[in-house]
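Structure file query_18.cif; described as mmCIF, C-alpha atoms.
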```
data_target
#
loop_
_atom_site.label_atom_id
_atom_site.label_comp_id
_atom_site.auth_asym_id
_atom_site.auth_seq_id
_atom_site.Cartn_x
_atom_site.Cartn_y
_atom_site.Cartn_z
CA MET A 8 55.92 -54.36 -78.82
CA SER A 9 58.33 -52.49 -76.56
CA TYR A 10 60.81 -53.79 -74.00
CA ARG A 11 61.60 -52.31 -70.62
CA SER A 12 64.99 -54.04 -70.28
CA LEU A 13 67.66 -55.34 -72.62
CA MET A 14 70.30 -57.76 -71.29
CA VAL A 15 73.74 -57.89 -72.91
CA HIS A 16 76.48 -60.46 -72.33
CA VAL A 17 79.61 -58.66 -71.06
CA GLU A 18 83.06 -60.23 -71.44
CA LEU A 19 85.36 -59.84 -68.45
CA ASP A 20 88.65 -60.19 -70.29
CA ARG A 21 88.10 -58.01 -73.36
CA SER A 22 86.54 -54.74 -74.45
CA ASN A 23 82.75 -54.48 -74.50
CA ASP A 24 82.56 -51.05 -76.12
CA SER A 25 81.20 -52.23 -79.49
CA ARG A 26 78.50 -54.53 -78.13
CA LEU A 27 77.37 -51.95 -75.57
CA THR A 28 77.22 -49.24 -78.23
CA VAL A 29 75.06 -51.44 -80.48
CA ALA A 30 72.89 -52.51 -77.53
CA GLY A 31 72.45 -48.86 -76.61
CA MET A 32 71.26 -48.10 -80.15
CA LEU A 33 68.82 -51.04 -80.05
CA SER A 34 67.47 -50.41 -76.57
CA PHE A 35 65.42 -47.30 -77.46
CA ASP A 36 64.08 -46.35 -74.02
CA ALA A 37 64.76 -49.70 -72.34
CA SER A 38 67.16 -50.16 -69.43
CA LEU A 39 70.42 -51.79 -70.46
CA ILE A 40 71.63 -54.60 -68.16
CA GLY A 41 75.09 -56.16 -68.50
CA ILE A 42 75.42 -59.86 -67.65
CA ALA A 43 78.75 -61.54 -66.83
CA ALA A 44 79.77 -64.74 -65.10
CA ALA A 45 83.04 -66.31 -64.05
CA ASP A 46 84.20 -69.31 -62.07
CA PRO A 47 87.52 -69.45 -60.21
CA ASN A 48 89.52 -72.18 -61.89
CA PRO A 49 93.01 -72.38 -60.34
CA PRO A 50 95.21 -75.41 -60.89
CA ALA A 51 94.69 -78.26 -58.41
CA TYR A 52 97.54 -79.13 -56.05
CA GLY A 53 96.18 -82.15 -54.20
CA GLY A 54 94.45 -80.34 -51.33
CA SER A 55 97.42 -78.26 -50.20
CA GLY A 56 97.04 -74.85 -48.63
CA LEU A 57 98.53 -73.37 -51.78
CA ALA A 58 95.42 -74.27 -53.81
CA ALA A 59 93.15 -72.47 -51.33
CA GLY A 60 95.28 -69.34 -51.66
CA LEU A 61 95.04 -69.56 -55.43
CA VAL A 62 91.23 -69.72 -55.23
CA VAL A 63 91.23 -66.51 -53.15
CA GLN A 64 93.54 -64.79 -55.67
CA GLU A 65 91.37 -65.93 -58.57
CA LYS A 66 88.20 -64.65 -56.88
CA GLU A 67 89.87 -61.28 -56.25
CA ARG A 68 90.89 -61.09 -59.92
CA ILE A 69 87.33 -61.90 -61.03
CA HIS A 70 85.86 -59.28 -58.67
CA ALA A 71 88.25 -56.67 -60.10
CA GLN A 72 87.25 -57.60 -63.66
CA MET A 73 83.54 -57.37 -62.77
CA ALA A 74 84.07 -53.93 -61.22
CA GLN A 75 85.85 -52.78 -64.37
CA ALA A 76 83.07 -54.19 -66.59
CA ARG A 77 80.53 -52.34 -64.43
CA SER A 78 82.07 -48.93 -65.14
CA PRO A 79 80.32 -46.82 -67.79
CA ILE A 80 81.65 -46.45 -71.34
#
```
Would you write out, as structure tokens, the structure that this file holds?
Amino acid sequence: MSYRSLMVHVELDRSNDSRLTVAGMLSFDASLIGIAAADPNPPAYGGSGLAAGLVVQEKERIHAQMAQARSPI
């Protein structure tokens, strides 16, 4: 049996070099797909405008981490 795609969990806050290297060795001729997920989780401040700004900052940080994780080894 052969696979066309191999999905690998990618961490946003640490190196993925080892797991991607191993996945690359296991994939043979399959496409390698990295999977990552994150949820903005700023502290709650009782509905103030400050909390909304923190959500925006957290989303920007997550987007930057996803972009970094997307870059090749």
TODO: Please evaluate the PyMOL selection byres ((chain A and resi 27) around 10) against the structure above and give the resulting residues as a list in words.
DONE: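 With the shown file as input, the PyMOL selection byres ((chain A and resi 27) around 10) matches Val15, His16, Val17, Ser22, Asn23, Asp24, Ser25, Arg26, Thr28, Val29, Ala30, Gly31, Met32, Leu33, Leu39, Ile40, Gly41, Pro79 and Ile80 of chain A.
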- [ ] Have a look at CA of Met14 in chain A and CA of His70 in chain A and let me know their distance in Å, one decimal.
- [x]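 Spanning CA of Met14 in chain A to CA of His70 in chain A is a straight-line distance of 20.1 Å.
Relative to CA of Asn48 in chain A, CA of Glu65 in chain A is found at 7.3 Å.
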Task: Output check: residues returned by the PyMOL selection byres ((chain A and resi 10) around 12), as a count of residues only - done: 13
TODO: Measuring atom to atom with all atoms listed in the file, identify which of A:Val63, A:Ala76, A:Asp20, A:Ile69 is nearest to Ala45 in chain A.
DONE: A:Ile69
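Atom pair CA of Ala43 in chain A / CA of Gln72 in chain A: separated by 9.9 Å.
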Task: Nearest residue to Asp46 in chain A from the set A:Lys66, A:Leu61, A:Glu18, A:Gln75 (distances using all atoms listed in the file) - done: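 Checking each of A:Lys66, A:Leu61, A:Glu18, A:Gln75 against Asp46 in chain A, counting all atoms listed in the file, the winner is A:Lys66.
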